[in-house]
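Text of protein-v4.txt, listed as compact mmCIF, C-alpha atoms:
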```txt
# COMPACT_ATOMS: atom_id res chain seq x y z
CA MET A 10 110.29 87.88 96.37
CA ASN A 11 112.14 91.05 95.52
CA LEU A 12 109.03 93.16 95.93
CA VAL A 13 108.54 91.86 99.46
CA ARG A 14 112.19 92.61 100.32
CA LEU A 15 111.82 96.10 98.89
CA ALA A 16 108.64 96.73 100.87
CA GLN A 17 110.24 95.54 104.08
CA ALA A 18 113.15 97.95 103.66
CA LYS A 19 110.93 100.87 102.73
CA SER A 20 108.56 100.78 105.64
CA PRO A 21 110.33 100.89 109.02
CA TRP A 22 107.79 101.78 111.66
CA VAL A 23 109.41 103.42 114.62
CA LEU A 24 108.42 103.32 118.29
CA HIS A 25 110.07 105.82 120.57
CA TYR A 26 110.53 105.03 124.26
CA ASP A 27 112.05 107.32 126.86
CA ALA A 28 113.63 105.35 129.69
CA SER A 29 114.39 108.10 132.22
CA SER A 30 115.96 110.45 129.71
CA CYS A 31 116.41 114.17 130.38
CA ASN A 32 114.33 114.58 127.18
CA GLY A 33 117.18 116.13 125.21
CA CYS A 34 117.49 113.05 123.01
CA ASP A 35 113.69 112.80 122.83
CA ILE A 36 113.42 116.34 121.52
CA GLU A 37 116.03 115.61 118.86
CA THR A 38 114.33 112.33 117.95
CA VAL A 39 110.95 113.98 117.55
CA ALA A 40 112.67 116.74 115.55
CA CYS A 41 113.40 114.10 112.94
CA LEU A 42 109.68 114.01 112.21
CA THR A 43 109.50 117.72 111.53
CA PRO A 44 109.68 119.20 108.02
CA LEU A 45 113.35 120.11 108.32
CA TYR A 46 114.59 116.52 108.77
CA ASP A 47 111.56 114.44 107.77
CA ILE A 48 112.14 110.70 108.25
CA GLU A 49 108.73 110.03 106.72
CA ARG A 50 110.34 110.20 103.30
CA PHE A 51 112.02 106.89 104.22
CA GLY A 52 108.63 105.46 105.10
CA ALA A 53 109.29 105.70 108.82
CA VAL A 54 106.21 106.60 110.84
CA SER A 55 106.20 107.24 114.56
CA ILE A 56 103.77 104.55 115.65
CA GLY A 57 102.06 104.28 119.01
CA SER A 58 101.68 100.57 119.65
CA PRO A 59 104.66 98.19 120.02
CA LYS A 60 102.71 95.53 118.16
CA HIS A 61 102.88 97.66 115.03
CA ALA A 62 106.49 98.74 115.27
CA ASP A 63 109.66 97.41 113.62
CA MET A 64 112.15 99.61 115.39
CA LEU A 65 112.42 100.62 119.02
CA LEU A 66 114.25 103.87 119.67
CA VAL A 67 115.40 104.01 123.29
CA THR A 68 116.65 107.17 124.94
CA GLY A 69 117.92 107.61 128.47
CA ASN A 70 119.38 105.39 131.15
CA VAL A 71 117.77 102.22 132.32
CA ASN A 72 116.85 102.02 135.99
CA HIS A 73 114.98 99.25 137.80
CA LYS A 74 111.54 100.58 136.94
CA SER A 75 112.18 101.37 133.33
CA LYS A 76 113.97 98.04 132.86
CA ARG A 77 110.68 96.19 133.45
CA VAL A 78 108.74 98.49 131.16
CA LEU A 79 111.37 98.43 128.41
CA ARG A 80 111.49 94.64 128.50
CA ASN A 81 107.67 94.49 128.36
CA ILE A 82 107.53 96.79 125.33
CA TYR A 83 110.31 94.87 123.60
CA ASP A 84 108.54 91.56 124.18
CA GLN A 85 105.30 92.89 122.71
CA MET A 86 106.98 93.90 119.47
CA THR A 87 106.54 91.40 116.65
CA GLU A 88 109.48 89.82 114.87
CA PRO A 89 111.70 90.89 113.22
CA LYS A 90 112.63 93.90 115.29
CA VAL A 91 115.59 96.19 115.83
CA VAL A 92 116.54 98.32 118.82
CA VAL A 93 118.38 101.61 118.43
CA ALA A 94 119.97 103.20 121.51
CA ILE A 95 119.99 106.95 121.04
CA GLY A 96 122.32 109.16 123.02
CA ILE A 97 125.18 108.36 125.34
CA CYS A 98 122.86 107.56 128.25
CA ALA A 99 121.11 104.78 126.34
CA THR A 100 124.43 103.58 124.92
CA SER A 101 126.37 103.30 128.16
CA SER A 102 124.71 105.63 130.71
CA GLY A 103 127.30 108.39 130.09
CA VAL A 104 127.94 110.65 133.08
CA PHE A 105 125.35 108.83 135.20
CA HIS A 106 127.31 105.61 135.07
CA GLN A 107 128.08 105.39 138.78
CA SER A 108 124.74 106.66 140.05
CA TYR A 109 123.06 104.32 142.53
CA ASN A 110 119.80 103.92 140.64
CA VAL A 111 121.21 103.59 137.13
CA LEU A 112 121.63 100.06 135.79
CA GLY A 113 123.37 101.15 132.61
CA GLY A 114 122.45 101.67 128.98
CA ALA A 115 119.54 100.12 127.09
CA ASP A 116 121.44 96.88 126.59
CA GLN A 117 120.86 96.08 130.26
CA ALA A 118 117.23 95.38 129.43
CA VAL A 119 117.00 94.55 125.71
CA PRO A 120 119.45 93.43 123.00
CA VAL A 121 120.52 96.57 121.15
CA ASP A 122 121.44 96.61 117.47
CA VAL A 123 122.53 100.18 116.78
CA TYR A 124 124.24 102.55 119.20
CA ILE A 125 124.45 106.24 118.52
CA SER A 126 126.21 108.39 121.08
CA GLY A 127 125.89 112.13 121.60
CA CYS A 128 124.37 114.40 124.15
CA PRO A 129 122.08 114.81 122.39
CA PRO A 130 122.96 113.39 118.99
CA ARG A 131 122.05 115.64 116.09
CA PRO A 132 118.89 114.75 114.13
CA GLU A 133 121.10 113.94 111.14
CA ALA A 134 122.92 111.37 113.29
CA ILE A 135 119.60 109.95 114.46
CA ILE A 136 118.40 109.61 110.87
CA ASP A 137 121.69 107.87 110.12
CA ALA A 138 121.02 105.50 113.01
CA ILE A 139 117.53 104.71 111.71
CA ILE A 140 118.96 103.92 108.28
CA MET A 141 121.56 101.67 109.92
CA GLY A 142 118.67 100.07 111.76
CA VAL A 143 116.90 99.47 108.44
CA GLU A 144 120.03 97.71 107.13
CA LYS A 145 120.03 95.45 110.19
CA LEU A 146 116.31 94.89 109.73
CA LYS A 147 116.93 93.76 106.16
CA LYS A 148 119.42 91.19 107.44
CA LYS A 149 116.93 89.97 110.03
CA TRP A 150 114.16 89.64 107.43
CA LYS A 151 116.54 87.52 105.37
CA GLU A 152 117.47 85.32 108.33
CA GLU A 153 113.83 84.98 109.33
CA GLU A 154 113.00 83.66 105.90
CA GLU A 155 115.92 81.28 105.65
CA HIS A 156 115.73 79.93 109.18
CA PRO A 157 112.29 80.50 110.68
CA VAL A 158 112.61 80.14 114.44
CA LYS A 159 109.83 78.50 116.45
CA ARG A 160 109.40 80.66 119.51
CA SER A 161 107.74 79.36 122.65
CA ASN A 162 105.52 82.12 123.98
CA GLN A 163 105.81 84.70 121.27
CA GLY A 164 105.42 82.82 118.04
CA SER A 165 103.53 83.65 114.91
CA ASP A 166 99.78 83.27 115.13
CA THR A 167 99.85 81.81 118.62
CA GLU A 168 97.61 83.04 121.36
CA ARG A 169 99.42 85.56 123.51
CA SER A 170 98.90 84.92 127.19
CA THR A 171 100.74 88.04 128.35
CA ALA A 172 98.11 90.47 127.12
CA ASP A 173 94.94 88.61 128.07
CA VAL A 174 95.21 88.24 131.84
CA GLY A 175 92.66 86.12 133.71
CA MET B 27 76.38 92.97 86.10
CA SER B 28 78.78 90.17 85.27
CA TRP B 29 80.92 88.41 87.84
CA ALA B 30 84.04 89.45 85.94
CA LEU B 31 83.22 93.13 86.41
CA ILE B 32 82.44 92.61 90.08
CA GLY B 33 85.76 90.80 90.47
CA MET B 34 87.58 93.65 88.78
CA GLY B 35 85.87 96.12 91.06
CA VAL B 36 86.69 94.16 94.20
CA LEU B 37 90.35 93.79 93.20
CA GLY B 38 90.74 97.26 91.73
CA ALA B 39 89.16 99.24 94.55
CA PRO B 40 91.83 98.44 97.19
CA LEU B 41 94.57 99.23 94.66
CA LEU B 42 93.02 102.55 93.73
CA GLY B 43 92.28 103.32 97.37
CA GLY B 44 95.87 102.57 98.36
CA LEU B 45 97.17 104.85 95.62
CA LEU B 46 94.85 107.64 96.77
CA PHE B 47 96.09 107.19 100.33
CA GLY B 48 99.65 107.47 99.05
CA ILE B 49 98.79 110.66 97.18
CA ASP B 50 97.13 111.89 100.38
CA ARG B 51 100.37 111.45 102.35
CA LYS B 52 102.47 113.01 99.62
CA VAL B 53 100.23 116.08 99.25
CA THR B 54 99.98 116.44 103.04
CA ALA B 55 103.76 116.35 103.24
CA ARG B 56 104.14 118.97 100.53
CA LEU B 57 101.56 121.22 102.23
CA GLN B 58 103.66 120.93 105.38
CA GLY B 59 106.85 121.85 103.53
CA ARG B 60 108.55 118.46 103.50
CA LYS B 61 109.31 115.78 100.92
CA GLY B 62 107.07 113.00 102.13
CA PRO B 63 107.00 109.27 101.36
CA PRO B 64 106.67 107.88 97.79
CA ILE B 65 103.13 107.56 96.44
CA VAL B 66 103.21 103.76 96.66
CA GLN B 67 104.13 103.83 100.35
CA PRO B 68 100.80 102.29 101.54
CA PHE B 69 101.56 99.23 99.40
CA TYR B 70 105.02 98.92 100.96
CA ASP B 71 103.41 99.17 104.39
CA VAL B 72 100.80 96.49 103.72
CA ILE B 73 103.28 94.08 102.07
CA LYS B 74 105.56 94.47 105.05
CA LEU B 75 102.72 93.90 107.48
CA LEU B 76 101.65 90.76 105.65
CA ALA B 77 105.16 89.36 106.02
CA LYS B 78 105.51 90.25 109.68
CA ASP B 79 104.75 88.07 112.65
CA SER B 80 101.03 88.22 113.46
CA THR B 81 99.88 87.96 117.04
CA TYR B 82 96.41 88.20 118.52
CA THR B 83 95.03 88.16 122.02
CA ASN B 84 92.00 86.04 121.19
CA ARG B 85 90.29 84.61 118.15
CA ARG B 86 87.21 86.86 118.35
CA GLN B 87 89.42 89.77 117.40
CA VAL B 88 90.55 87.97 114.25
CA PHE B 89 86.97 87.04 113.34
CA TYR B 90 85.77 90.63 113.68
CA LEU B 91 88.63 91.94 111.57
CA TYR B 92 87.84 89.53 108.75
CA SER B 93 84.18 90.49 109.17
CA HIS B 94 85.10 94.19 108.89
CA LEU B 95 86.88 93.67 105.57
CA LEU B 96 84.23 91.29 104.26
CA TRP B 97 81.30 93.62 104.94
CA MET B 98 83.25 96.55 103.50
CA LEU B 99 83.67 94.55 100.28
CA VAL B 100 79.97 93.60 100.34
CA ALA B 101 79.05 97.29 100.67
CA LEU B 102 81.35 98.09 97.74
CA VAL B 103 79.77 95.40 95.57
CA ILE B 104 76.27 96.65 96.41
CA LEU B 105 77.30 100.11 95.25
CA LEU B 106 79.08 98.89 92.12
CA THR B 107 76.10 96.76 91.05
CA ARG B 108 73.80 99.77 91.57
CA GLN B 109 71.57 98.04 94.12
CA ASP B 110 69.59 99.29 97.07
CA PHE B 111 71.21 102.26 98.81
CA LEU B 112 69.65 101.51 102.20
CA VAL B 113 71.04 97.97 102.14
CA PHE B 114 74.40 99.48 101.28
CA VAL B 115 74.19 101.76 104.35
CA PHE B 116 73.39 98.75 106.52
CA ALA B 117 76.34 96.78 105.12
CA LEU B 118 78.64 99.74 105.77
CA THR B 119 77.32 100.02 109.34
CA PHE B 120 77.86 96.27 109.86
CA SER B 121 81.43 96.73 108.75
CA GLU B 122 82.10 99.66 111.05
CA VAL B 123 80.46 97.96 114.04
CA SER B 124 82.64 94.89 113.36
CA LEU B 125 85.67 97.09 113.67
CA ALA B 126 84.44 98.52 116.96
CA LEU B 127 83.79 94.97 118.22
CA ALA B 128 87.30 93.95 117.18
CA GLY B 129 88.56 96.72 119.43
CA PHE B 130 86.25 95.64 122.26
CA ALA B 131 87.35 92.00 121.92
CA THR B 132 90.66 92.63 123.68
CA LYS B 133 91.19 93.67 127.28
CA SER B 134 93.32 96.69 126.52
CA PRO B 135 91.76 99.90 127.88
CA TYR B 136 93.30 101.87 124.99
CA SER B 137 91.55 99.62 122.53
CA HIS B 138 88.25 100.08 124.38
CA VAL B 139 88.53 103.86 124.32
CA GLY B 140 89.19 103.68 120.59
CA SER B 141 86.15 101.45 120.10
CA ASN B 142 83.93 103.74 122.16
CA ARG B 143 85.01 106.63 120.00
CA GLU B 144 84.41 104.58 116.86
CA MET B 145 80.83 103.81 117.96
CA LEU B 146 80.19 107.52 118.58
CA GLN B 147 81.64 108.32 115.16
CA ILE B 148 79.17 105.89 113.61
CA LEU B 149 76.39 107.58 115.62
CA ALA B 150 77.45 110.93 114.23
CA SER B 151 77.85 109.92 110.60
CA GLU B 152 75.14 107.35 109.75
CA PRO B 153 72.03 109.63 110.00
CA VAL B 154 73.17 111.77 107.08
CA LEU B 155 73.70 108.69 104.92
CA VAL B 156 70.15 107.57 105.72
CA PHE B 157 68.92 111.06 104.74
CA MET B 158 70.79 110.61 101.48
CA ALA B 159 68.80 107.41 100.93
CA PHE B 160 65.58 109.42 101.45
CA ALA B 161 66.78 112.05 98.98
CA LEU B 162 67.52 109.28 96.47
CA TYR B 163 63.97 107.98 96.90
CA LEU B 164 62.42 111.43 96.47
CA ALA B 165 64.48 112.16 93.38
CA THR B 166 64.29 108.81 91.60
CA GLY B 167 61.27 107.02 93.09
CA SER B 168 63.20 104.06 94.47
CA PHE B 169 66.10 103.29 96.77
CA LEU B 170 68.08 101.72 93.94
CA THR B 171 71.38 103.49 93.37
CA GLY B 172 71.04 102.90 89.64
CA GLY B 173 68.19 105.43 89.51
CA VAL B 174 70.70 108.23 89.86
CA PHE B 175 71.97 107.57 86.31
CA LEU B 176 68.46 107.90 84.82
CA ILE B 177 67.28 111.24 86.23
CA ASP B 178 67.67 114.42 84.18
CA GLU B 179 69.03 116.70 86.82
CA PRO B 180 71.98 115.67 89.01
CA LEU B 181 71.18 115.05 92.67
CA LEU B 182 73.51 117.92 93.55
CA PHE B 183 71.24 120.55 91.97
CA SER B 184 68.13 119.58 93.95
CA TYR B 185 69.92 118.68 97.17
CA PRO B 186 72.81 121.12 97.67
CA LEU B 187 72.27 121.37 101.43
CA LEU B 188 72.33 117.60 101.72
CA PHE B 189 75.59 117.62 99.77
CA LEU B 190 77.06 120.02 102.33
CA ALA B 191 75.90 117.70 105.11
CA VAL B 192 77.53 114.76 103.32
CA LEU B 193 80.78 116.72 103.00
CA LEU B 194 80.62 117.32 106.74
CA VAL B 195 80.15 113.64 107.40
CA LEU B 196 82.87 112.77 104.85
CA THR B 197 85.44 114.10 107.29
CA ILE B 198 84.30 111.54 109.84
CA LEU B 199 84.19 108.66 107.37
CA MET B 200 87.59 109.51 105.92
CA ARG B 201 89.07 109.81 109.41
CA LYS B 202 90.43 113.29 108.88
CA SER B 203 90.82 116.22 111.28
CA PRO B 204 88.81 117.82 112.82
CA PHE B 205 86.85 114.59 113.24
CA ASP B 206 89.55 111.92 113.30
CA ILE B 207 88.57 110.96 116.81
CA SER B 208 89.06 107.23 116.52
CA SER B 209 92.14 105.69 114.95
CA SER B 210 93.04 108.31 112.38
CA ALA B 211 95.51 107.99 109.56
CA HIS B 212 99.23 107.65 110.13
CA ALA B 213 101.35 110.26 111.83
CA HIS B 214 98.50 111.36 114.05
CA GLN B 215 98.88 110.41 117.67
CA GLU B 216 96.36 108.32 119.56
CA LEU B 217 96.05 106.75 122.97
CA VAL B 218 98.77 104.20 122.19
CA ARG B 219 97.12 103.39 118.85
CA GLY B 220 93.40 103.59 119.65
CA ILE B 221 91.26 100.86 118.19
CA SER B 222 94.12 99.07 116.46
CA THR B 223 96.38 98.84 119.53
CA GLU B 224 96.19 95.06 119.77
CA PHE B 225 96.27 94.27 116.05
CA SER B 226 99.50 93.27 114.38
CA GLY B 227 100.97 91.72 111.28
CA LYS B 228 98.51 90.42 108.71
CA TYR B 229 95.46 91.41 110.78
CA LEU B 230 96.61 95.01 110.77
CA ALA B 231 97.14 94.65 107.01
CA LEU B 232 93.46 93.62 106.74
CA LEU B 233 92.49 96.81 108.53
CA GLU B 234 94.61 98.90 106.16
CA ILE B 235 93.08 97.27 103.09
CA ALA B 236 89.59 97.83 104.55
CA HIS B 237 90.48 101.54 104.94
CA TRP B 238 91.41 101.67 101.24
CA VAL B 239 88.10 100.11 100.22
CA GLU B 240 86.26 102.49 102.56
CA LEU B 241 87.87 105.46 100.80
CA ILE B 242 86.62 104.24 97.43
CA ILE B 243 83.12 103.69 98.87
CA ILE B 244 83.12 107.24 100.24
CA LEU B 245 84.21 108.69 96.91
CA VAL B 246 81.45 106.74 95.14
CA ILE B 247 78.91 108.26 97.55
CA VAL B 248 80.08 111.73 96.45
CA PHE B 249 80.09 110.58 92.82
CA LEU B 250 76.39 109.72 93.11
CA PHE B 251 75.56 113.40 93.49
CA TRP B 252 76.45 113.97 89.84
CA ALA B 253 76.40 110.59 88.17
CA ASN B 254 75.39 111.72 84.67
CA PRO B 255 77.82 112.41 82.87
CA TRP B 256 80.18 110.12 84.81
CA TRP B 257 83.26 112.32 84.44
CA ALA B 258 81.48 115.11 86.33
CA GLY B 259 80.92 112.73 89.22
CA VAL B 260 84.55 111.65 89.19
CA LEU B 261 85.67 115.28 89.23
CA LEU B 262 83.27 115.99 92.08
CA ALA B 263 84.62 113.05 94.06
CA LEU B 264 88.25 114.04 93.50
CA GLY B 265 87.40 117.65 94.36
CA ALA B 266 85.82 116.54 97.64
CA TYR B 267 88.87 114.36 98.34
CA PHE B 268 91.32 117.23 97.91
CA LEU B 269 89.07 119.53 99.92
CA GLU B 270 89.19 117.00 102.76
CA LEU B 271 93.00 116.94 102.52
CA LEU B 272 93.07 120.70 102.83
CA ILE B 273 90.68 120.66 105.78
CA ASP B 274 92.73 117.92 107.44
CA ASN B 275 95.85 120.06 107.30
CA THR B 276 94.11 123.20 108.44
CA TYR B 277 92.16 122.01 111.44
CA ALA B 278 93.16 120.38 114.70
CA ARG B 279 91.25 117.49 116.17
CA LEU B 280 88.00 118.43 117.93
CA LYS B 281 86.51 116.77 120.99
CA LEU B 282 83.91 114.02 120.72
CA GLY B 283 81.15 116.25 122.05
CA SER B 284 81.92 118.92 119.47
CA MET B 285 81.86 116.36 116.67
CA ILE B 286 78.49 114.96 117.65
CA ARG B 287 77.00 118.40 118.26
CA THR B 288 78.26 119.74 114.93
CA THR B 289 77.19 116.79 112.80
CA TRP B 290 73.81 116.41 114.47
CA ALA B 291 73.03 120.13 114.42
CA TRP B 292 74.40 120.96 110.98
CA GLY B 293 74.25 117.55 109.35
CA PHE B 294 70.71 116.77 110.53
CA GLY B 295 69.59 120.36 110.14
CA LEU B 296 70.79 120.90 106.56
CA SER B 297 69.59 117.47 105.41
CA LEU B 298 66.21 117.86 107.07
CA VAL B 299 65.63 121.30 105.55
CA ASN B 300 66.55 120.01 102.12
CA ILE B 301 64.32 116.92 102.37
CA LEU B 302 61.37 118.81 103.87
CA TYR B 303 61.57 121.35 101.05
CA PHE B 304 60.64 118.57 98.67
CA THR B 305 58.07 116.79 100.83
CA LEU B 306 56.10 119.76 102.14
```
Please express the file's structure as structure tokens.
Amino acid sequence: MNLVRLAQAKSPWVLHYDASSCNGCDIETVACLTPLYDIERFGAVSIGSPKHADMLLVTGNVNHKSKRVLRNIYDQMTEPKVVVAIGICATSSGVFHQSYNVLGGADQAVPVDVYISGCPPRPEAIIDAIIMGVEKLKKKWKEEEEHPVKRSNQGSDTERSTADVG
Amino acid sequence: MSWALIGMGVLGAPLLGGLLFGIDRKVTARLQGRKGPPIVQPFYDVIKLLAKDSTYTNRRQVFYLYSHLLWMLVALVILLTRQDFLVFVFALTFSEVSLALAGFATKSPYSHVGSNREMLQILASEPVLVFMAFALYLATGSFLTGGVFLIDEPLLFSYPLLFLAVLLVLTILMRKSPFDISSSAHAHQELVRGISTEFSGKYLALLEIAHWVELIIILVIVFLFWANPWWAGVLLALGAYFLELLIDNTYARLKLGSMIRTTWAWGFGLSLVNILYFTL
């Protein structure tokens, strides 16, 4: 069992989604993949499909359009999963708080596990956030094993009706 | 060939392939000036995937993924038991077409694009393998892979141009730049995730393990060019592997058209010249 736990902690696959960000946080997040900061040494890979990812990194405010998309991506991710809100806009919408189109931070659309504020946060802080996310992921793996939850429309090995329309 | 040896081969090949993939990522990282993941990272990835929730959009997809891994193992066993090389090529093609069908089985357009690209990759790479079967026949008198161990002169000496063509096609089979058009290795971007967009959990783990077995199959193909003594073949295979790593880090991804043009012009051309030299 220990080997499985170890493997789960050493392989956090990361999906990065920009919900109306100014791209400052995105640039810093992608910088984490570059040789200077290199999150691949923790096993983290920037993966394209939500069905492969363990961690969702959200940057930017959530507005009505991105709320739907963010929720869709979050629902497609397989359990267990962790959401990290990067930057003050994703945390609590920062200076845009009272704008008419802004709903708030990422937690308006999806349950967030790790918040990291900054405008933009430094890559070191983002790496820190990912590691915090891995710690939360470890807890979720443990809970999943002890109390497996039977989910209605997104369970294990059930046919997904959301993706196969018609 | 005893069943015990076959079993060892079938169990050992994914392990060795996974380790080689890990070394690949580590060396790539070092070439790029960073630390990189530990060598056993692919095993961590697959163990994690096996434990994760697995979803699928329909059962055909699952069937084709199991078929992909199964035919890859069949191709490996045919090679390990030194049987007919042409049958091996057919088994390998079956496996690759199964993967493309797994991508076609969903309704995701990203998956379909990945599958289209996979089919074109097969189109580009299979002819040279068939030429290699011809070369095997001309050199040893039969299509049996075992013949390569009995001839005096290694295949490489009589068929150097064919070897170059195989190296060209190796890039496609190993899914490395400049020909990693469909679903390349990690840390290369795709359209969402290309052919594997709709796979998850243990089905994605199956795909990973099939990739490991495919790597071993490819290295055995290179090994066949200098099978006697066996350590020369192993060195040749490892040399080709590291050359591919270097090429992967040097080149950017080419377009589909360029890949097909290059492999058909150079791959076909070099192989044909080499084969005709011996038949005319």
### Query
Which is closer to Leu269 of chain B than all the others in B:Ile286, B:Val53, B:Val72, B:Tyr90, using all atoms listed in the file?
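Between B:Ile286, B:Val53, B:Val72, B:Tyr90, the residue approaching Leu269 of chain B most closely is B:Val53.
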### Task
Show me which bits of chain B are within 9 Å of chain A, counting all atoms listed in the file, as number ranges by chain.
B: 55, 58-64, 67-75, 77-85, 132-134, 212-220, 222-227, 230
### Query
Rounded to one decimal in Å, what is the spacing between atom CA of Leu112 of chain B and atom CA of Val154 of chain B?
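It comes out at 11.9 Å.
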Using all atoms listed in the file, collect all residues at a distance of at most 10 Å from (120.9, 95.8, 125.4) as written in the file, then present them as a compact mmCIF listing (two decimals) with C-alpha atoms, in the coordinates of the input.
```txt
# COMPACT_ATOMS: atom_id res chain seq x y z
CA VAL A 71 117.77 102.22 132.32
CA ARG A 80 111.49 94.64 128.50
CA VAL A 92 116.54 98.32 118.82
CA VAL A 93 118.38 101.61 118.43
CA ALA A 94 119.97 103.20 121.51
CA ALA A 99 121.11 104.78 126.34
CA THR A 100 124.43 103.58 124.92
CA SER A 101 126.37 103.30 128.16
CA GLY A 113 123.37 101.15 132.61
CA GLY A 114 122.45 101.67 128.98
CA ALA A 115 119.54 100.12 127.09
CA ASP A 116 121.44 96.88 126.59
CA GLN A 117 120.86 96.08 130.26
CA ALA A 118 117.23 95.38 129.43
CA VAL A 119 117.00 94.55 125.71
CA PRO A 120 119.45 93.43 123.00
CA VAL A 121 120.52 96.57 121.15
CA ASP A 122 121.44 96.61 117.47
CA VAL A 123 122.53 100.18 116.78
CA TYR A 124 124.24 102.55 119.20
```
### Coordinates-based distance that separates atom CA of Pro40 of chain B from atom CA of Ile235 of chain B (Å, one decimal)
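These atoms are spaced 6.1 Å apart.
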Would you place a box with edges along x, y and z of the file around all atoms of segment 111-119 of chain B listed there, add 8 Å to each of its six sides, and report the centre and edge lengths in Å to one decimal, as lines of an AutoDock Vina configuration file?
```
center_x = 74.1
center_y = 99.5
center_z = 104.1
size_x = 25.0
size_y = 21.5
size_z = 26.5
```
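Excluding Gly283 of chain B itself and any same-chain residue fewer than 3 positions from it, the protein and nucleic acid residues within 12 Å of it, counting all atoms listed in the file, are B:Arg143, B:Leu146, B:Gln147, B:Leu149, B:Ala150, B:Phe205, B:Ile207, B:Arg279, B:Leu280, B:Ile286, B:Arg287, B:Thr288, B:Thr289, B:Trp290, B:Ala291.
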Could you write out the selected residues, including C-alpha atoms, as an mmCIF file, in the coordinates of the input?
```cif
data_model
loop_
_atom_site.group_PDB
_atom_site.id
_atom_site.type_symbol
_atom_site.label_atom_id
_atom_site.label_comp_id
_atom_site.auth_asym_id
_atom_site.auth_seq_id
_atom_site.Cartn_x
_atom_site.Cartn_y
_atom_site.Cartn_z
ATOM 1 C CA ARG B 143 85.010 106.630 120.000
ATOM 2 C CA LEU B 146 80.190 107.520 118.580
ATOM 3 C CA GLN B 147 81.640 108.320 115.160
ATOM 4 C CA LEU B 149 76.390 107.580 115.620
ATOM 5 C CA ALA B 150 77.450 110.930 114.230
ATOM 6 C CA PHE B 205 86.850 114.590 113.240
ATOM 7 C CA ILE B 207 88.570 110.960 116.810
ATOM 8 C CA ARG B 279 91.250 117.490 116.170
ATOM 9 C CA LEU B 280 88.000 118.430 117.930
ATOM 10 C CA ILE B 286 78.490 114.960 117.650
ATOM 11 C CA ARG B 287 77.000 118.400 118.260
ATOM 12 C CA THR B 288 78.260 119.740 114.930
ATOM 13 C CA THR B 289 77.190 116.790 112.800
ATOM 14 C CA TRP B 290 73.810 116.410 114.470
ATOM 15 C CA ALA B 291 73.030 120.130 114.420
#
```
#### Entry: Counting only C-alpha atoms, the residue of B:Val192, B:Leu118, B:Leu296, B:Leu164 that sits nearest Ala266 of chain B
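The closest residue to Ala266 of chain B is B:Val192.
Using only C-alpha atoms, every residue with an atom at most 9 Å from the point (110.0, 98.6, 127.2) is listed here: Tyr26, Asp27, Ala28, Pro59, Leu65, Val67, Ser75, Lys76, Arg77, Val78, Leu79, Arg80, Asn81, Ile82, Tyr83, Asp84, Gln85, Ala118 and Val119 of chain A.
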### Query
Could you pull the residues within 10 Å of Gly33 of chain A, counting only C-alpha atoms, minus those fewer than 4 positions along the same chain, as a PyMOL selection string?
chain A and resi 37-38+68-69+96+128-130
### Task
Grab the atom CA of Phe294 of chain B to atom CA of Ile177 of chain B distance for me, in Å with one decimal place.
25.2 Å
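Comparing B:Leu170, B:Leu45, B:Leu125, B:Ala236 by their smallest distance to Val113 of chain B, the closest is B:Leu170 (using only C-alpha atoms).
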